[in-house]
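Coordinates from work-v2.txt are shown below (compact mmCIF, C-alpha atoms).
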# COMPACT_ATOMS: atom_id res chain seq x y z
CA MET A 1 9.80 -25.33 -8.21
CA ALA A 2 12.11 -23.81 -10.74
CA ILE A 3 12.44 -20.25 -9.42
CA GLU A 4 15.30 -19.20 -7.17
CA LEU A 5 15.09 -15.97 -5.26
CA GLU A 6 18.19 -14.02 -4.33
CA ASP A 7 18.25 -11.22 -1.80
CA VAL A 8 19.83 -7.96 -2.85
CA GLU A 9 20.72 -6.24 0.38
CA ASP A 10 21.35 -2.88 -1.23
CA PHE A 11 17.84 -2.43 -2.59
CA ILE A 12 16.28 0.80 -1.35
CA CYS A 13 12.87 2.39 -1.70
CA CYS A 14 11.61 1.90 -5.28
CA GLY A 15 10.82 5.60 -5.44
CA PHE A 16 7.06 5.21 -5.82
CA PRO A 17 6.15 7.78 -3.11
CA MET A 18 8.38 10.32 -4.91
CA LYS A 19 6.43 10.22 -8.15
CA PRO A 20 3.81 12.83 -7.21
CA THR A 21 6.42 15.12 -5.72
CA ASP A 22 9.54 14.81 -7.82
CA ARG A 23 9.50 12.74 -10.97
CA ARG A 24 13.25 12.92 -11.49
CA SER A 25 14.00 11.53 -8.04
CA PHE A 26 11.43 8.83 -8.65
CA ASN A 27 13.17 7.79 -11.87
CA LEU A 28 16.56 7.86 -10.19
CA MET A 29 15.61 5.65 -7.26
CA ALA A 30 13.89 3.14 -9.51
CA ALA A 31 16.86 3.15 -11.89
CA TYR A 32 19.24 2.55 -8.99
CA ASN A 33 17.38 -0.61 -7.99
CA LEU A 34 17.18 -1.76 -11.61
CA ALA A 35 20.93 -1.20 -12.01
CA LEU A 36 21.65 -3.27 -8.89
CA ALA A 37 19.66 -6.16 -10.31
CA GLU A 38 21.30 -5.83 -13.71
CA GLU A 39 24.75 -5.88 -12.15
CA LYS A 40 23.94 -9.31 -10.75
CA ASN A 41 22.30 -10.42 -13.97
CA LEU A 42 18.95 -10.85 -12.25
CA ASN A 43 15.35 -10.02 -13.02
CA ILE A 44 13.26 -8.59 -10.23
CA CYS A 45 10.44 -10.21 -8.32
CA THR A 46 8.55 -7.56 -6.36
CA LEU A 47 6.64 -8.15 -3.15
CA CYS A 48 4.60 -4.96 -3.34
CA SER A 49 2.23 -3.70 -6.02
CA SER A 50 3.43 -0.10 -5.86
CA CYS A 51 7.04 -1.22 -6.16
CA THR A 52 6.01 -3.27 -9.17
CA SER A 53 4.54 -0.24 -10.92
CA ALA A 54 7.46 2.01 -10.02
CA LEU A 55 10.17 -0.35 -11.23
CA THR A 56 8.26 -1.61 -14.27
CA GLU A 57 7.36 1.90 -15.33
CA ALA A 58 10.91 3.19 -14.92
CA ALA A 59 12.30 0.28 -16.94
CA HIS A 60 9.65 0.92 -19.57
CA LEU A 61 10.43 4.66 -19.79
CA ILE A 62 14.18 4.17 -19.83
CA SER A 63 13.96 1.71 -22.71
CA ARG A 64 12.05 4.31 -24.76
CA ASP A 65 13.91 7.48 -23.87
CA ALA A 66 17.62 7.62 -24.64
CA ASP A 67 18.01 11.07 -23.09
CA LEU A 68 16.45 9.96 -19.84
CA LYS A 69 18.67 6.90 -19.77
CA LYS A 70 21.77 9.03 -20.31
CA GLN A 71 20.77 11.50 -17.59
CA LEU A 72 20.05 8.73 -15.11
CA ASN A 73 23.29 6.92 -15.85
CA GLU A 74 25.23 10.12 -15.25
CA GLN A 75 23.66 10.19 -11.78
CA LEU A 76 24.16 6.48 -11.21
CA SER A 77 27.83 6.72 -12.10
CA LYS A 78 28.27 8.63 -8.82
CA VAL A 79 27.64 5.34 -7.06
CA GLY A 80 29.44 3.23 -9.60
CA LEU A 81 26.41 1.87 -11.40
CA CYS A 82 24.96 1.94 -14.88
CA TYR A 83 21.65 0.66 -16.20
CA GLU A 84 21.64 -0.62 -19.76
CA GLY A 85 18.09 -1.93 -19.82
CA GLY A 86 16.61 -5.39 -19.96
CA VAL A 87 15.75 -6.11 -16.34
CA ARG A 88 12.34 -7.69 -16.22
CA VAL A 89 10.17 -6.81 -13.25
CA ARG A 90 7.30 -9.00 -12.17
CA HIS A 91 5.05 -9.00 -9.13
CA PHE A 92 5.34 -12.27 -7.20
CA ALA A 93 1.68 -13.13 -7.83
CA ARG A 94 2.13 -12.59 -11.54
CA LEU A 95 5.28 -14.72 -11.43
CA LEU A 96 3.37 -17.56 -9.77
CA TYR A 97 0.51 -17.19 -12.23
CA GLU A 98 2.75 -17.19 -15.28
CA GLU A 99 5.53 -19.55 -14.30
CA ILE A 100 4.14 -22.24 -12.06
CA ALA A 101 1.93 -24.98 -13.50
CA PRO A 102 -1.34 -25.33 -11.55
CA ASP A 103 -0.83 -29.08 -11.32
CA ASP A 104 2.54 -28.56 -9.66
CA VAL A 105 0.85 -26.39 -7.03
CA LYS A 106 -1.89 -28.94 -6.50
CA THR A 107 0.63 -31.69 -5.68
CA LEU A 108 1.77 -29.53 -2.74
CA ILE A 109 -1.71 -29.00 -1.29
CA ARG A 110 -2.12 -30.82 2.03
CA ARG A 111 -5.19 -29.06 3.29
CA ASP A 112 -8.28 -28.08 1.38
CA LEU A 113 -9.49 -24.57 2.19
CA GLY A 114 -13.01 -25.18 0.89
CA GLU A 115 -14.37 -24.02 4.27
CA LEU A 116 -13.29 -20.49 3.52
CA ARG A 117 -14.89 -17.70 1.49
CA ILE A 118 -12.09 -15.42 0.38
CA GLY A 119 -12.34 -12.03 -1.27
CA VAL A 120 -9.37 -10.91 -3.34
CA HIS A 121 -8.17 -7.32 -3.27
CA TYR A 122 -6.45 -6.54 -6.56
CA GLY A 123 -5.83 -2.90 -5.78
CA CYS A 124 -4.25 -0.56 -8.24
CA HIS A 125 -0.66 -1.06 -9.19
CA TYR A 126 -0.68 -4.79 -9.67
CA LEU A 127 -2.62 -4.14 -12.91
CA LYS A 128 -2.26 -0.46 -13.72
CA PRO A 129 -1.04 1.44 -15.69
CA SER A 130 -1.94 -1.39 -18.07
CA GLU A 131 0.37 -0.43 -20.93
CA ILE A 132 3.45 -1.50 -18.99
CA TYR A 133 2.14 -4.89 -17.96
CA ASP A 134 1.96 -6.80 -21.23
CA ASP A 135 -1.76 -7.52 -20.76
CA PHE A 136 -0.96 -10.39 -18.42
CA ASP A 137 -4.38 -9.94 -16.82
CA ASP A 138 -7.53 -7.95 -17.60
CA VAL A 139 -7.73 -4.60 -15.83
CA GLU A 140 -11.51 -4.47 -15.76
CA ASN A 141 -12.07 -8.16 -15.14
CA PRO A 142 -8.97 -9.54 -13.43
CA ARG A 143 -8.65 -13.19 -12.52
CA SER A 144 -4.99 -14.07 -11.92
CA ILE A 145 -5.10 -13.90 -8.14
CA ASP A 146 -8.58 -15.45 -7.95
CA PHE A 147 -7.14 -18.35 -9.90
CA LEU A 148 -4.22 -18.84 -7.53
CA VAL A 149 -6.43 -18.67 -4.44
CA ALA A 150 -8.90 -21.13 -5.98
CA LEU A 151 -6.10 -23.71 -6.33
CA THR A 152 -6.36 -24.16 -2.55
CA GLY A 153 -10.01 -25.15 -2.79
CA ALA A 154 -11.13 -21.92 -1.13
CA ARG A 155 -14.28 -20.29 -2.45
CA VAL A 156 -13.32 -17.03 -4.09
CA ILE A 157 -16.14 -14.54 -3.75
CA ASP A 158 -17.00 -11.57 -5.89
CA TYR A 159 -17.87 -8.17 -4.46
CA PRO A 160 -18.41 -4.70 -5.96
CA GLY A 161 -15.19 -2.90 -5.03
CA LYS A 162 -12.77 -5.69 -5.88
CA LYS A 163 -10.63 -3.48 -8.09
CA ARG A 164 -10.82 -0.35 -6.03
CA CYS A 165 -7.82 1.39 -4.45
CA CYS A 166 -7.09 0.85 -0.75
CA GLY A 167 -6.57 4.58 -0.21
CA GLY A 168 -3.04 4.07 1.09
CA PRO A 169 -1.25 6.91 -0.72
CA VAL A 170 -3.64 9.44 0.80
CA LEU A 171 -2.84 8.40 4.38
CA PRO A 172 -0.09 10.98 4.97
CA VAL A 173 -2.30 13.69 3.46
CA ASP A 174 -5.74 13.07 4.96
CA GLU A 175 -6.16 10.07 7.20
CA LYS A 176 -9.95 10.29 7.29
CA VAL A 177 -10.26 10.24 3.51
CA ALA A 178 -7.87 7.31 3.24
CA MET A 179 -9.72 5.35 5.91
CA SER A 180 -13.09 6.12 4.28
CA VAL A 181 -11.86 4.56 1.07
CA ALA A 182 -10.68 1.42 2.88
CA LYS A 183 -13.85 1.28 4.95
CA GLU A 184 -16.09 1.10 1.89
CA LYS A 185 -14.40 -2.08 0.82
CA LEU A 186 -14.51 -3.64 4.29
CA ASP A 187 -18.28 -2.95 4.34
CA GLU A 188 -18.68 -4.67 0.98
CA LEU A 189 -16.64 -7.67 2.09
CA LEU A 190 -18.71 -7.96 5.24
CA GLN A 191 -21.87 -7.90 3.19
CA ALA A 192 -20.51 -10.49 0.77
CA GLY A 193 -19.83 -12.83 3.67
CA ALA A 194 -16.05 -12.99 3.30
CA ASP A 195 -14.07 -15.00 5.87
CA ALA A 196 -10.83 -13.36 4.85
CA LEU A 197 -9.38 -10.78 2.50
CA CYS A 198 -6.46 -11.72 0.27
CA VAL A 199 -3.89 -8.99 -0.42
CA VAL A 200 -0.68 -8.95 -2.45
CA CYS A 201 0.72 -5.62 -1.31
CA PRO A 202 2.03 -4.38 2.08
CA PHE A 203 0.58 -0.90 1.55
CA CYS A 204 -2.86 -2.42 1.14
CA SER A 205 -2.22 -4.56 4.21
CA VAL A 206 -1.52 -1.42 6.24
CA MET A 207 -4.91 -0.07 5.25
CA TYR A 208 -7.07 -3.17 5.67
CA ASP A 209 -5.17 -5.02 8.40
CA GLY A 210 -3.16 -2.42 10.26
CA ASN A 211 -5.94 0.15 10.24
CA GLN A 212 -8.96 -2.13 10.57
CA ARG A 213 -9.39 -1.46 14.29
CA SER A 214 -9.09 2.31 13.79
CA ILE A 215 -11.74 2.17 11.08
CA GLU A 216 -13.96 0.12 13.38
CA SER A 217 -13.69 2.62 16.22
CA GLU A 218 -14.01 5.68 13.98
CA TRP A 219 -17.23 4.49 12.39
CA GLY A 220 -18.54 2.08 15.02
CA THR A 221 -18.47 -0.91 12.67
CA VAL A 222 -17.26 -4.44 13.38
CA TYR A 223 -15.42 -6.52 10.80
CA ASN A 224 -13.03 -8.96 12.52
CA LEU A 225 -11.89 -9.76 9.01
CA PRO A 226 -8.50 -11.45 8.80
CA VAL A 227 -6.33 -10.02 6.05
CA LEU A 228 -3.96 -12.60 4.60
CA TYR A 229 -1.21 -12.31 2.08
CA LEU A 230 -1.54 -14.62 -0.89
CA PRO A 231 1.52 -16.69 0.22
CA GLN A 232 -0.10 -17.15 3.64
CA ILE A 233 -3.21 -18.59 1.98
CA LEU A 234 -1.19 -20.85 -0.30
CA GLY A 235 1.01 -21.83 2.65
CA LEU A 236 -1.98 -22.76 4.80
CA ALA A 237 -3.13 -25.07 2.03
CA MET A 238 0.37 -26.49 1.73
CA GLY A 239 0.37 -27.34 5.43
CA LEU A 240 3.07 -24.86 6.50
CA ASP A 241 2.88 -24.02 10.16
CA GLU A 242 1.78 -20.82 11.83
CA ASN A 243 5.25 -19.54 12.54
CA GLU A 244 6.51 -20.14 9.06
CA LEU A 245 3.53 -18.25 7.75
CA GLY A 246 4.06 -15.35 10.14
CA LEU A 247 0.41 -15.43 11.14
CA LYS A 248 1.18 -13.88 14.52
CA MET A 249 2.19 -10.72 12.69
CA ASN A 250 -1.18 -10.23 11.08
CA VAL A 251 -2.85 -7.46 13.06
CA VAL A 252 -6.41 -8.77 12.88
CA LYS A 253 -6.28 -12.08 14.73
CA THR A 254 -6.38 -15.22 12.63
CA ARG A 255 -7.09 -17.58 15.55
CA ASP A 256 -10.77 -18.17 14.68
CA LEU A 257 -9.97 -18.68 11.02
CA LEU A 258 -7.37 -21.30 11.90
CA SER A 259 -9.78 -23.09 14.23
CA ARG A 260 -12.25 -23.38 11.40
CA LEU A 261 -9.57 -25.14 9.42
CA GLY A 262 -9.01 -27.49 12.32
CA ILE A 263 -5.71 -25.89 13.29
CA THR A 264 -5.15 -25.27 16.98
CA PRO A 265 -3.03 -22.12 17.24
CA LYS A 266 0.02 -22.47 19.47
CA MET B 1 -17.27 26.56 -6.05
CA GLY B 2 -18.83 29.95 -6.70
CA GLN B 3 -17.80 32.47 -9.31
CA VAL B 4 -14.43 32.18 -10.93
CA ASN B 5 -12.43 35.29 -11.75
CA LEU B 6 -10.75 34.67 -15.06
CA ASP B 7 -9.06 38.10 -15.03
CA GLN B 8 -6.47 36.50 -12.79
CA ALA B 9 -6.12 33.44 -14.98
CA ASP B 10 -2.79 32.57 -16.55
CA PRO B 11 -3.31 32.12 -20.31
CA HIS B 12 -0.04 30.22 -20.64
CA PHE B 13 -0.68 27.64 -17.96
CA ALA B 14 -2.37 25.10 -20.24
CA ARG B 15 0.46 25.31 -22.73
CA GLU B 16 3.05 25.02 -19.95
CA LEU B 17 1.35 21.85 -18.81
CA ALA B 18 1.04 20.41 -22.32
CA ARG B 19 4.83 20.52 -22.67
CA GLU B 20 5.53 18.33 -19.64
CA PRO B 21 5.19 14.56 -19.14
CA GLY B 22 1.61 13.89 -18.12
CA GLY B 23 0.23 16.99 -19.79
CA GLU B 24 0.59 15.96 -23.40
CA LYS B 25 -3.04 15.33 -24.29
CA ILE B 26 -4.71 17.46 -21.68
CA ALA B 27 -6.49 19.67 -24.20
CA LEU B 28 -8.35 16.62 -25.54
CA CYS B 29 -10.51 16.43 -22.43
CA PHE B 30 -14.13 16.76 -23.45
CA THR B 31 -15.55 16.75 -19.91
CA CYS B 32 -17.26 13.36 -20.07
CA ARG B 33 -16.58 12.95 -16.32
CA THR B 34 -15.53 9.28 -16.66
CA CYS B 35 -12.45 10.07 -14.59
CA THR B 36 -14.45 11.47 -11.69
CA ALA B 37 -16.95 8.62 -11.94
CA SER B 38 -14.10 6.09 -11.64
CA CYS B 39 -12.26 7.87 -8.85
CA PRO B 40 -12.18 6.13 -5.43
CA ILE B 41 -11.41 9.42 -3.67
CA SER B 42 -14.20 11.38 -5.34
CA ARG B 43 -16.63 8.80 -3.98
CA VAL B 44 -15.84 9.71 -0.40
CA ASN B 45 -14.84 13.35 -0.69
CA GLU B 46 -16.18 15.82 -3.22
CA LYS B 47 -13.25 18.20 -2.68
CA PHE B 48 -11.33 15.96 -5.05
CA ASN B 49 -12.77 16.00 -8.55
CA PRO B 50 -10.41 15.17 -11.42
CA LEU B 51 -12.63 16.73 -14.06
CA ARG B 52 -12.93 19.96 -12.13
CA ILE B 53 -9.20 20.09 -11.60
CA ILE B 54 -8.54 19.59 -15.31
CA ARG B 55 -11.01 22.34 -16.19
CA MET B 56 -9.44 24.72 -13.68
CA ALA B 57 -6.01 24.03 -15.13
CA LEU B 58 -7.18 24.54 -18.70
CA TYR B 59 -8.81 27.82 -17.69
CA GLY B 60 -5.44 28.94 -16.42
CA LEU B 61 -6.28 29.03 -12.70
CA ARG B 62 -2.67 28.29 -11.84
CA ASP B 63 -2.58 29.43 -8.21
CA GLU B 64 -5.96 28.00 -7.32
CA VAL B 65 -4.75 24.60 -8.50
CA LEU B 66 -1.09 24.55 -7.44
CA LYS B 67 -1.73 26.05 -4.00
CA SER B 68 -4.74 23.86 -3.35
CA ASP B 69 -4.98 21.10 -0.75
CA PHE B 70 -7.21 19.01 -2.99
CA ILE B 71 -4.62 18.00 -5.61
CA TRP B 72 -2.93 16.04 -2.84
CA LEU B 73 -5.94 13.78 -2.34
CA CYS B 74 -5.22 11.79 -5.49
CA SER B 75 -4.27 8.22 -4.60
CA ASN B 76 -2.46 7.59 -7.90
CA CYS B 77 -4.66 4.57 -8.60
CA TYR B 78 -4.80 5.08 -12.40
CA ALA B 79 -8.51 4.21 -12.64
CA CYS B 80 -9.15 7.54 -14.40
CA GLN B 81 -6.33 7.09 -16.86
CA GLU B 82 -7.34 3.55 -17.77
CA ARG B 83 -10.84 4.65 -18.67
CA CYS B 84 -10.40 8.08 -20.25
CA PRO B 85 -11.95 7.78 -23.71
CA GLN B 86 -9.66 10.50 -25.03
CA GLY B 87 -6.44 8.91 -23.85
CA VAL B 88 -5.64 11.70 -21.43
CA SER B 89 -3.09 10.57 -18.83
CA VAL B 90 -5.22 11.88 -16.00
CA ALA B 91 -3.21 10.25 -13.22
CA GLU B 92 0.07 11.50 -14.65
CA PHE B 93 -1.51 14.91 -15.01
CA MET B 94 -2.26 14.92 -11.27
CA ASN B 95 1.36 13.97 -10.67
CA LEU B 96 2.48 16.79 -12.93
CA LEU B 97 0.41 19.36 -11.02
CA ARG B 98 1.83 18.10 -7.74
CA ASN B 99 5.40 18.12 -9.08
CA LEU B 100 4.89 21.77 -10.07
CA ALA B 101 3.37 22.57 -6.69
CA VAL B 102 6.40 21.10 -4.93
CA ARG B 103 8.78 23.03 -7.18
CA GLU B 104 7.01 26.15 -5.95
CA GLY B 105 7.31 25.15 -2.33
CA GLN B 106 3.80 23.77 -1.81
CA ALA B 107 3.37 20.36 -0.23
CA PRO B 108 1.36 19.05 2.73
CA SER B 109 3.52 18.39 5.78
CA GLY B 110 2.92 14.62 5.66
CA ILE B 111 4.21 14.48 2.10
CA ARG B 112 7.17 16.67 2.93
CA ALA B 113 8.03 14.35 5.81
CA GLN B 114 7.82 11.35 3.51
CA MET B 115 10.16 13.00 1.00
CA GLU B 116 12.69 13.76 3.70
CA LEU B 117 12.64 10.21 4.98
CA ILE B 118 13.17 8.78 1.52
CA LYS B 119 15.95 11.17 0.56
CA GLY B 120 17.61 10.88 3.94
CA GLN B 121 17.13 7.22 4.81
CA GLY B 122 16.29 5.52 1.53
CA ARG B 123 12.96 4.24 2.89
CA ILE B 124 9.70 5.58 4.29
CA TYR B 125 9.87 3.05 7.12
CA PRO B 126 13.53 3.08 8.16
CA LEU B 127 14.67 -0.10 9.86
CA ASP B 128 16.43 -0.26 13.19
CA ASP B 129 18.11 -2.87 15.40
CA PHE B 130 14.76 -3.78 16.93
CA ASP B 131 13.45 -4.75 13.50
CA ASN B 132 16.56 -6.82 12.85
CA LYS B 133 16.10 -8.62 16.18
CA LYS B 134 12.56 -9.52 15.12
CA ARG B 135 13.86 -10.70 11.77
CA ALA B 136 16.53 -12.82 13.43
CA LYS B 137 13.84 -14.56 15.51
CA LEU B 138 12.19 -15.59 12.22
CA ASP B 139 15.48 -16.73 10.68
CA LEU B 140 15.44 -13.82 8.27
CA PRO B 141 18.71 -12.08 7.35
CA SER B 142 19.17 -8.59 8.81
CA LEU B 143 18.85 -5.54 6.60
CA PRO B 144 20.82 -2.28 6.56
CA THR B 145 19.61 0.30 9.08
CA SER B 146 21.05 3.27 7.26
CA CYS B 147 21.52 4.25 3.67
CA ARG B 148 24.59 5.97 2.32
CA VAL B 149 23.53 5.79 -1.32
CA VAL B 150 20.66 8.28 -1.18
CA LYS B 151 22.93 10.88 0.35
CA VAL B 152 25.22 10.57 -2.67
CA LEU B 153 22.44 10.37 -5.26
CA PHE B 154 20.61 13.39 -3.88
CA ALA B 155 23.69 15.35 -2.78
CA GLU B 156 23.48 18.34 -5.15
CA GLU B 157 19.74 18.70 -4.95
CA GLY B 158 19.57 19.03 -1.19
CA GLU B 159 19.46 22.80 -0.95
CA SER B 160 17.77 23.69 -4.20
CA GLN B 161 14.93 21.17 -3.87
CA MET B 162 12.25 23.60 -2.77
CA SER B 163 13.38 26.65 -4.74
CA PRO B 164 10.98 27.72 -7.48
CA GLY B 165 12.05 27.45 -11.06
CA VAL B 166 15.38 25.75 -10.43
CA GLU B 167 16.00 22.64 -12.52

Can you turn what I pasted into structure tokens?
Amino acid sequence: MAIELEDVEDFICCGFPMKPTDRRSFNLMAAYNLALAEEKNLNICTLCSSCTSALTEAAHLISRDADLKKQLNEQLSKVGLCYEGGVRVRHFARLLYEEIAPDDVKTLIRRDLGELRIGVHYGCHYLKPSEIYDDFDDVENPRSIDFLVALTGARVIDYPGKKRCCGGPVLPVDEKVAMSVAKEKLDELLQAGADALCVVCPFCSVMYDGNQRSIESEWGTVYNLPVLYLPQILGLAMGLDENELGLKMNVVKTRDLLSRLGITPK
Amino acid sequence: MGQVNLDQADPHFARELAREPGGEKIALCFTCRTCTASCPISRVNEKFNPLRIIRMALYGLRDEVLKSDFIWLCSNCYACQERCPQGVSVAEFMNLLRNLAVREGQAPSGIRAQMELIKGQGRIYPLDDFDNKKRAKLDLPSLPTSCRVVKVLFAEEGESQMSPGVE
């Protein structure tokens, strides 16, 4: 595959959680990360949907507002950085969708996941606000992640709340409200007969995976729904082993799912 | 909601909002309720109603909005903004209201805690040696457990952050 990833140790929070509280700080944190990437002549591949929106939006604003850019660079000069513009930010799923030929992926498939019915959670910031994302996918009828999951042979299922928010940002404000939002989707997935939920964002994973047991006990429901990151699904199809895929770190146990694929967990 | 006392309303609030990022087209709202119908939070909790909040703001009910707990229920999902037929940046408007609330010293404790973590540690989930040990077991490189940069970037603002009206 033609893409090389480089770690930038100095990356900090993208600033997304600061947007509702302090827009200027939000812009500054995002600009700092953009400047770090620019210094190394790199574009950014994000592993989180919220980070994607924060960094993409900041880059978008800075390129259209000379005053903002000047202000931010005055701040950044305090840490020896400057952001000129031109760093491209793309979510890893979008990167895969746009840059990797489906046939190249198929040559790496060792295991067909046709046994599995998988629901995709698009969530919010992977696609919205749409004006900063070059229309790479359709906000109302998205298909990029469905497409990638389907390359593994898995059956991608549709369900009503596919595009709905996970409720994550409300967690520090009102846990019950946040969990209610996540619960609705888990109910729908259960009803649609999903064997697993595919996520592309750690925030969403906190809500559906990390908090699944809490939601179950709060409302007396049972889901036992494994929540897998897209790379874990692709990796399973590529024959990568459990440890490489970090499956032990998924909160909702994946043991049964693996057995169905004929994999005996270690 | 009961009766609203407009004698206390601030006639300049709407104009104040229209001047800031997120408030530009707010007066174009024609109460179609598409925002509320699209809102994932409204579905589970009727305290949060984007349309109602916009109306309250346009009526000048400054305190009722900025001191409220409900503006903090917005999950920033942008569903409202994507669908508004008038092009109102509803999500950014919610962010604007919350930015103003914070400038006046209003923020739920969870949000305040989050802000402090980010400005102090550069992350909302600061890493420690235990995390790096786990990473090492997975052959992942370790990551910094402290952040000097945020202290420099946010140095001046530290004290004046919560003071009203200070830019």

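Using all atoms listed in the file, the contacts of A:Asp104 at a cut-off of 12 Å, with sequence neighbours closer than 6 positions omitted, comprise Met1, Ala2, Leu96, Tyr97, Leu151 and Met238 of chain A.
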
Counting only C-alpha atoms, the residue of B:Pro40, B:Pro11, B:Pro85, B:Gly23 that sits nearest chain A: B:Pro40

Write out as number ranges by chain which residues come within 12 Å of A:Phe16 when counting all atoms listed in the file, dropping same-chain ones fewer than 4 positions away. A: 12, 20-31, 48-58, 125, 169, 203; B: 75-76, 95, 114-115, 118, 122-124

Please tabulate, as a Markdown table, the residues of chain B that come within 8 Å of chain A, each with its closest pair of atoms and the distance in Å to one decimal, counting all atoms listed in the file and ordering rows by chain, then residue number upward.
| residue | atom | partner | partner_atom | distance |
| --- | --- | --- | --- | --- |
| B:Pro40 | CA | A:Cys165 | CA | 6.5 |
| B:Ile41 | CA | A:Val181 | CA | 6.8 |
| B:Val44 | CA | A:Ser180 | CA | 6.5 |
| B:Asn45 | CA | A:Val177 | CA | 6.9 |
| B:Trp72 | CA | A:Val173 | CA | 6.8 |
| B:Leu73 | CA | A:Val170 | CA | 5.8 |
| B:Cys74 | CA | A:Val170 | CA | 6.9 |
| B:Ser75 | CA | A:Pro169 | CA | 5.1 |
| B:Asn76 | CA | A:Pro169 | CA | 7.3 |
| B:Cys77 | CA | A:Cys124 | CA | 5.2 |
| B:Tyr78 | CA | A:Pro129 | CA | 6.2 |
| B:Ala79 | CA | A:Cys124 | CA | 7.8 |
| B:Gln81 | CA | A:Pro129 | CA | 7.8 |
| B:Glu82 | CA | A:Pro129 | CA | 7.0 |
| B:Met94 | CA | A:Pro20 | CA | 7.6 |
| B:Asn95 | CA | A:Pro20 | CA | 4.4 |
| B:Leu96 | CA | A:Pro20 | CA | 7.1 |
| B:Arg98 | CA | A:Pro20 | CA | 5.7 |
| B:Asn99 | CA | A:Thr21 | CA | 4.6 |
| B:Val102 | CA | A:Thr21 | CA | 6.0 |
| B:Pro108 | CA | A:Val173 | CA | 6.5 |
| B:Ser109 | CA | A:Val173 | CA | 7.8 |
| B:Gly110 | CA | A:Pro172 | CA | 4.8 |
| B:Ile111 | CA | A:Pro172 | CA | 6.2 |
| B:Gln114 | CA | A:Pro17 | CA | 7.7 |
| B:Met115 | CA | A:Met18 | CA | 6.7 |
| B:Ile118 | CA | A:Cys13 | CA | 7.2 |
| B:Gly122 | CA | A:Ile12 | CA | 5.5 |
| B:Arg123 | CA | A:Cys13 | CA | 4.9 |
| B:Ile124 | CA | A:Cys13 | CA | 7.5 |
| B:Leu138 | CA | A:Glu244 | CA | 7.9 |
| B:Leu143 | CA | A:Glu9 | CA | 6.5 |
| B:Pro144 | CA | A:Glu9 | CA | 7.3 |
| B:Val149 | CA | A:Val79 | CA | 7.1 |
| B:Val152 | CA | A:Lys78 | CA | 7.1 |
| B:Leu153 | CA | A:Gln75 | CA | 6.6 |

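Between A:His121 and the residues A:Asp146, A:Glu4, A:Asp135, A:Glu99, the shortest atom-to-atom distance, using only C-alpha atoms, involves A:Asp146.
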